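> Got a file for you: run-v6.txt, compact mmCIF, C-alpha atoms.
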# COMPACT_ATOMS: atom_id res chain seq x y z
CA GLU A 1 14.92 -10.36 25.85
CA THR A 2 11.77 -12.24 26.72
CA GLY A 3 9.11 -14.08 24.75
CA VAL A 4 9.37 -14.30 21.00
CA THR A 5 11.29 -11.72 19.00
CA GLN A 6 11.33 -11.14 15.26
CA THR A 7 13.63 -9.10 13.06
CA PRO A 8 13.30 -7.04 11.04
CA ARG A 9 9.92 -5.57 11.96
CA HIS A 10 9.48 -4.06 8.50
CA LEU A 11 11.02 -5.11 5.21
CA VAL A 12 10.66 -3.77 1.70
CA MET A 13 12.23 -5.80 -1.06
CA GLY A 14 12.23 -6.07 -4.81
CA MET A 15 11.22 -9.23 -6.60
CA THR A 16 14.82 -10.17 -7.38
CA ASN A 17 16.19 -9.64 -3.87
CA LYS A 18 17.14 -12.27 -1.34
CA LYS A 19 16.40 -11.57 2.30
CA SER A 20 15.87 -13.49 5.52
CA LEU A 21 13.47 -13.15 8.42
CA LYS A 22 14.68 -14.12 11.85
CA CYS A 23 12.74 -15.39 14.84
CA GLU A 24 14.09 -16.16 18.29
CA GLN A 25 12.22 -17.55 21.26
CA HIS A 26 13.39 -17.23 24.87
CA LEU A 27 10.73 -19.49 26.37
CA GLY A 28 12.51 -22.83 26.25
CA HIS A 29 9.95 -24.19 23.80
CA ASN A 30 10.41 -27.13 21.46
CA ALA A 31 8.22 -26.16 18.52
CA MET A 32 8.36 -23.14 16.24
CA TYR A 33 5.98 -22.00 13.52
CA TRP A 34 5.80 -19.59 10.60
CA TYR A 35 2.42 -18.08 9.71
CA LYS A 36 1.44 -15.71 6.92
CA GLN A 37 -1.28 -13.13 7.49
CA SER A 38 -2.61 -11.40 4.40
CA ALA A 39 -5.23 -8.68 4.45
CA LYS A 40 -8.72 -10.00 5.11
CA LYS A 41 -7.59 -13.63 5.30
CA PRO A 42 -7.19 -16.00 8.23
CA LEU A 43 -3.70 -16.79 9.38
CA GLU A 44 -2.14 -19.39 7.13
CA LEU A 45 0.27 -21.89 8.57
CA MET A 46 3.44 -22.16 6.49
CA PHE A 47 5.90 -24.35 8.37
CA VAL A 48 6.21 -26.20 11.66
CA TYR A 49 9.42 -27.31 13.32
CA ASN A 50 9.45 -29.61 16.31
CA PHE A 51 12.79 -30.32 18.01
CA LYS A 52 14.47 -28.74 14.95
CA GLU A 53 12.77 -31.16 12.56
CA GLN A 54 10.30 -29.88 10.03
CA THR A 55 7.01 -31.63 10.71
CA GLU A 56 4.74 -29.64 8.43
CA ASN A 57 5.08 -27.77 5.16
CA ASN A 58 1.73 -26.40 4.16
CA SER A 59 2.27 -26.45 0.37
CA VAL A 60 4.36 -23.32 0.51
CA PRO A 61 6.10 -22.20 -2.72
CA SER A 62 9.80 -22.94 -2.88
CA ARG A 63 10.63 -19.24 -2.94
CA PHE A 64 10.12 -19.49 0.84
CA SER A 65 12.79 -21.59 2.50
CA PRO A 66 12.76 -22.20 6.27
CA GLU A 67 15.72 -23.03 8.43
CA CYS A 68 15.76 -24.10 12.08
CA PRO A 69 19.34 -24.48 13.34
CA ASN A 70 18.23 -25.08 16.95
CA SER A 71 15.06 -25.02 19.05
CA SER A 72 15.45 -21.30 19.79
CA HIS A 73 15.97 -19.91 16.30
CA LEU A 74 13.92 -20.00 13.14
CA PHE A 75 14.63 -18.31 9.83
CA LEU A 76 12.60 -17.75 6.72
CA HIS A 77 14.74 -17.21 3.64
CA LEU A 78 13.06 -15.29 0.84
CA HIS A 79 14.04 -15.11 -2.82
CA THR A 80 12.34 -14.02 -6.04
CA LEU A 81 9.14 -13.15 -4.24
CA GLN A 82 5.96 -11.88 -5.88
CA PRO A 83 3.92 -8.79 -4.92
CA GLU A 84 1.17 -11.10 -3.60
CA ASP A 85 3.66 -12.33 -0.99
CA SER A 86 3.36 -8.97 0.76
CA ALA A 87 1.93 -9.75 4.17
CA LEU A 88 2.60 -9.90 7.89
CA TYR A 89 4.77 -12.89 8.71
CA LEU A 90 4.31 -14.15 12.23
CA CYS A 91 6.53 -16.53 14.13
CA ALA A 92 5.25 -18.52 17.08
CA SER A 93 6.59 -21.07 19.53
CA SER A 94 5.07 -23.62 21.88
CA GLN A 95 6.13 -26.26 24.37
CA ASP A 96 4.40 -28.91 22.31
CA TRP A 97 4.38 -32.24 24.07
CA GLY A 98 1.40 -33.23 21.93
CA GLY A 99 -1.45 -32.04 24.14
CA VAL A 100 -4.34 -29.96 22.83
CA GLU A 101 -3.69 -27.36 25.55
CA ASP A 102 -0.34 -26.49 24.01
CA THR A 103 -0.41 -22.70 23.71
CA GLN A 104 1.41 -20.86 20.96
CA TYR A 105 3.08 -17.57 21.75
CA PHE A 106 3.66 -15.17 18.92
CA GLY A 107 6.27 -12.62 18.01
CA PRO A 108 5.43 -9.10 16.83
CA GLY A 109 5.69 -10.06 13.18
CA THR A 110 7.58 -8.79 10.15
CA ARG A 111 5.57 -6.65 7.78
CA LEU A 112 6.87 -7.50 4.31
CA THR A 113 6.27 -5.45 1.20
CA VAL A 114 7.36 -6.83 -2.16
CA LEU A 115 7.67 -4.24 -4.92
CA ALA B 1 -16.04 -26.36 5.29
CA GLN B 2 -14.55 -23.84 7.66
CA LYS B 3 -13.32 -25.27 10.92
CA ILE B 4 -13.56 -21.96 12.79
CA THR B 5 -16.28 -19.44 12.02
CA GLN B 6 -16.42 -15.92 13.34
CA THR B 7 -19.52 -14.30 11.89
CA GLN B 8 -19.03 -10.77 13.23
CA PRO B 9 -16.57 -8.81 11.09
CA GLY B 10 -16.89 -5.81 13.40
CA MET B 11 -18.30 -5.06 16.83
CA PHE B 12 -18.75 -1.73 18.58
CA VAL B 13 -19.03 -1.22 22.32
CA GLN B 14 -18.83 1.62 24.78
CA GLU B 15 -16.31 1.73 27.58
CA LYS B 16 -17.29 -0.23 30.71
CA GLU B 17 -19.84 -2.31 28.83
CA ALA B 18 -19.53 -6.06 28.29
CA VAL B 19 -19.22 -7.52 24.81
CA THR B 20 -19.49 -11.04 23.41
CA LEU B 21 -17.49 -12.14 20.38
CA ASP B 22 -18.89 -15.22 18.66
CA CYS B 23 -16.99 -18.31 17.57
CA THR B 24 -18.29 -21.64 16.31
CA TYR B 25 -16.10 -24.57 15.41
CA ASP B 26 -16.28 -27.83 13.57
CA THR B 27 -14.36 -30.95 14.52
CA SER B 28 -14.96 -34.68 14.80
CA ASP B 29 -12.25 -35.07 17.43
CA GLN B 30 -13.33 -35.68 21.02
CA SER B 31 -10.26 -33.97 22.38
CA TYR B 32 -9.52 -30.43 21.22
CA GLY B 33 -8.50 -27.07 22.55
CA LEU B 34 -9.95 -23.64 21.86
CA PHE B 35 -7.99 -20.42 22.10
CA TRP B 36 -8.64 -16.71 21.79
CA TYR B 37 -6.00 -14.23 20.70
CA LYS B 38 -5.99 -10.45 20.53
CA GLN B 39 -4.15 -8.62 17.74
CA PRO B 40 -3.71 -4.86 18.19
CA SER B 41 -2.77 -2.69 15.24
CA SER B 42 0.91 -3.29 16.09
CA GLY B 43 0.50 -6.83 14.77
CA GLU B 44 1.48 -9.05 17.68
CA MET B 45 -0.91 -11.89 18.48
CA ILE B 46 -1.52 -11.94 22.24
CA PHE B 47 -2.85 -15.10 23.87
CA LEU B 48 -5.92 -14.41 26.01
CA ILE B 49 -7.64 -17.59 27.13
CA TYR B 50 -7.83 -21.36 26.62
CA GLN B 51 -10.67 -23.88 26.93
CA GLY B 52 -10.22 -27.62 26.68
CA SER B 53 -12.97 -29.82 25.30
CA TYR B 54 -13.07 -31.86 28.51
CA ASP B 55 -13.09 -28.86 30.82
CA GLU B 56 -16.38 -28.80 32.70
CA GLN B 57 -16.16 -25.19 33.75
CA ASN B 58 -15.91 -22.17 31.49
CA ALA B 59 -12.44 -20.66 31.43
CA THR B 60 -11.86 -17.23 32.94
CA GLU B 61 -8.83 -14.93 32.88
CA GLY B 62 -9.39 -11.57 34.50
CA ARG B 63 -11.92 -9.64 32.41
CA TYR B 64 -12.02 -12.43 29.81
CA SER B 65 -14.28 -15.42 30.04
CA LEU B 66 -15.16 -18.10 27.55
CA ASN B 67 -18.79 -19.16 27.15
CA PHE B 68 -18.26 -22.77 26.08
CA GLN B 69 -21.30 -24.63 24.75
CA LYS B 70 -20.02 -27.98 23.59
CA ALA B 71 -23.25 -29.32 22.14
CA ARG B 72 -23.63 -26.21 20.01
CA LYS B 73 -19.91 -26.18 19.20
CA SER B 74 -19.54 -22.59 20.24
CA ALA B 75 -16.82 -20.87 22.24
CA ASN B 76 -17.74 -17.24 22.59
CA LEU B 77 -15.38 -14.75 24.23
CA VAL B 78 -16.91 -12.39 26.77
CA ILE B 79 -15.02 -9.24 27.69
CA SER B 80 -16.41 -7.51 30.74
CA ALA B 81 -15.96 -3.80 31.51
CA SER B 82 -14.50 -2.91 28.11
CA GLN B 83 -11.55 -0.52 27.98
CA LEU B 84 -10.26 1.64 25.16
CA GLY B 85 -7.19 -0.60 25.00
CA ASP B 86 -9.41 -3.55 24.10
CA SER B 87 -9.83 -2.13 20.60
CA ALA B 88 -8.18 -4.74 18.39
CA MET B 89 -8.78 -7.73 16.16
CA TYR B 90 -9.79 -10.90 18.03
CA PHE B 91 -9.16 -14.38 16.69
CA CYS B 92 -10.66 -17.67 17.75
CA ALA B 93 -8.49 -20.72 17.11
CA MET B 94 -8.64 -24.47 17.59
CA ARG B 95 -6.12 -27.23 18.04
CA GLU B 96 -7.47 -30.70 17.32
CA GLY B 97 -6.37 -33.74 19.25
CA ARG B 98 -3.82 -35.90 17.52
CA ASP B 99 -1.08 -38.25 18.57
CA GLN B 100 1.73 -36.39 16.90
CA ALA B 101 3.28 -33.27 18.26
CA GLY B 102 3.57 -30.08 16.28
CA THR B 103 -0.09 -29.75 15.33
CA ALA B 104 -0.73 -26.16 14.49
CA LEU B 105 -3.67 -23.92 15.28
CA ILE B 106 -6.59 -23.35 12.94
CA PHE B 107 -7.68 -19.72 13.03
CA GLY B 108 -10.93 -17.96 12.22
CA LYS B 109 -11.07 -14.78 10.15
CA GLY B 110 -11.31 -12.57 13.20
CA THR B 111 -13.59 -9.89 14.61
CA THR B 112 -12.61 -6.24 14.89
CA LEU B 113 -13.66 -4.74 18.21
CA SER B 114 -13.91 -0.99 18.56
CA VAL B 115 -14.35 0.49 22.03
CA SER B 116 -15.48 4.10 22.30
CA SER B 117 -15.50 6.48 25.24
Once more with this new file: its structure as structure tokens, please.

Amino acid sequence: ETGVTQTPRHLVMGMTNKKSLKCEQHLGHNAMYWYKQSAKKPLELMFVYNFKEQTENNSVPSRFSPECPNSSHLFLHLHTLQPEDSALYLCASSQDWGGVEDTQYFGPGTRLTVL
Amino acid sequence: AQKITQTQPGMFVQEKEAVTLDCTYDTSDQSYGLFWYKQPSSGEMIFLIYQGSYDEQNATEGRYSLNFQKARKSANLVISASQLGDSAMYFCAMREGRDQAGTALIFGKGTTLSVSS
């Protein structure tokens, strides 16, 4: 595997379900990110992890719970979601030594539908 | 105020023609980076090109070049010799200069490019 992978690619869940999204990066990067992309909206940053520590939580509702067990893996645990949470969830990683040139590389995304 | 503005919701171009996608940005930082990404219908965001605020020359990557006009705060993407596979959504993004690591990108709303034969 190369680059950034995400599983599952598609997910349909009911509002009372609990599910998890998984992201894995094979680039040796130190930072990982979750973004939400809703129709006709810019990408919204949700969480940032740097060296496994959460450095940013962009006022995300508690029904989204991130987990970063190591620099290569990032999870997004979902529970009691709302239909408006249906979106494409993108994971990204970057080297992130603090420079502005730090490039983020994205996974293919998980398309989530909440019924 | 929006930090990244892409005013063209949709652009249409014929194969082999060049096309310019507009992007203006707003920041008070002296050090910042500008990025362009391509998002095909499959969903993956593909990094295309980077321009640093202190770079004196416009960035180029193959058929992609960035027309960077610092005083006007614009960073337009130019795609030369368009191909059918260039049909996608294109996003301009900015990373502002800060001391701390882990600063995320700020994205524009995107421009949909359609290339016809």
> Tell me, as number ranges by chain, which residues lie within 8 Å of range 104-112 of chain A, counting all atoms listed in the file; anything in the same chain fewer than 4 positions away does not count.
A: 3-13, 21, 23, 85-95; B: 42-47
> With the cut-off set at 7 Å and counting all atoms listed in the file, tabulate each residue of chain A with an atom at most that distance from an atom of chain B, showing the nearest atom pair and its distance in Å to one decimal, ordered by chain and increasing number, as a tab-separated table.

residue	atom	partner	partner_atom	distance
A:Ala31	CA	B:Gly102	CA	6.5
A:Lys41	CA	B:Lys109	CA	6.1
A:Pro42	CA	B:Lys109	CA	4.5
A:Leu43	CA	B:Phe107	CA	6.1
A:Val48	CA	B:Gly102	CA	6.6
A:Asn50	CA	B:Gly102	CA	5.9
A:Thr55	CA	B:Gly102	CA	6.7
A:Asp96	CA	B:Ala101	CA	6.1
A:Trp97	CA	B:Ala101	CA	6.0
A:Gly98	CA	B:Ala101	CA	4.1
A:Val100	CA	B:Gly33	CA	5.1
A:Glu101	CA	B:Gly33	CA	5.7
A:Tyr105	CA	B:Phe47	CA	6.8
A:Phe106	CA	B:Met45	CA	5.6
A:Gly107	CA	B:Glu44	CA	6.0
A:Pro108	CA	B:Glu44	CA	4.0
A:Gly109	CA	B:Glu44	CA	6.2
> Return the single residue from B:Leu84, B:Ala71, B:Val19, B:Leu66 that is closest to Thr111 in chain B, with distances computed using all atoms listed in the file.
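Closest residue, counting all atoms listed in the file: B:Val19.
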> Nearest to Pro61 in chain A: which of A:Lys40, A:Lys19, A:His79, A:His73 is it, counting only C-alpha atoms?
A:His79
> Could you tell me how far CA of Glu56 in chain B lies from CA of Val78 in chain B, in Å and to one decimal?
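So the answer is 17.5 Å.
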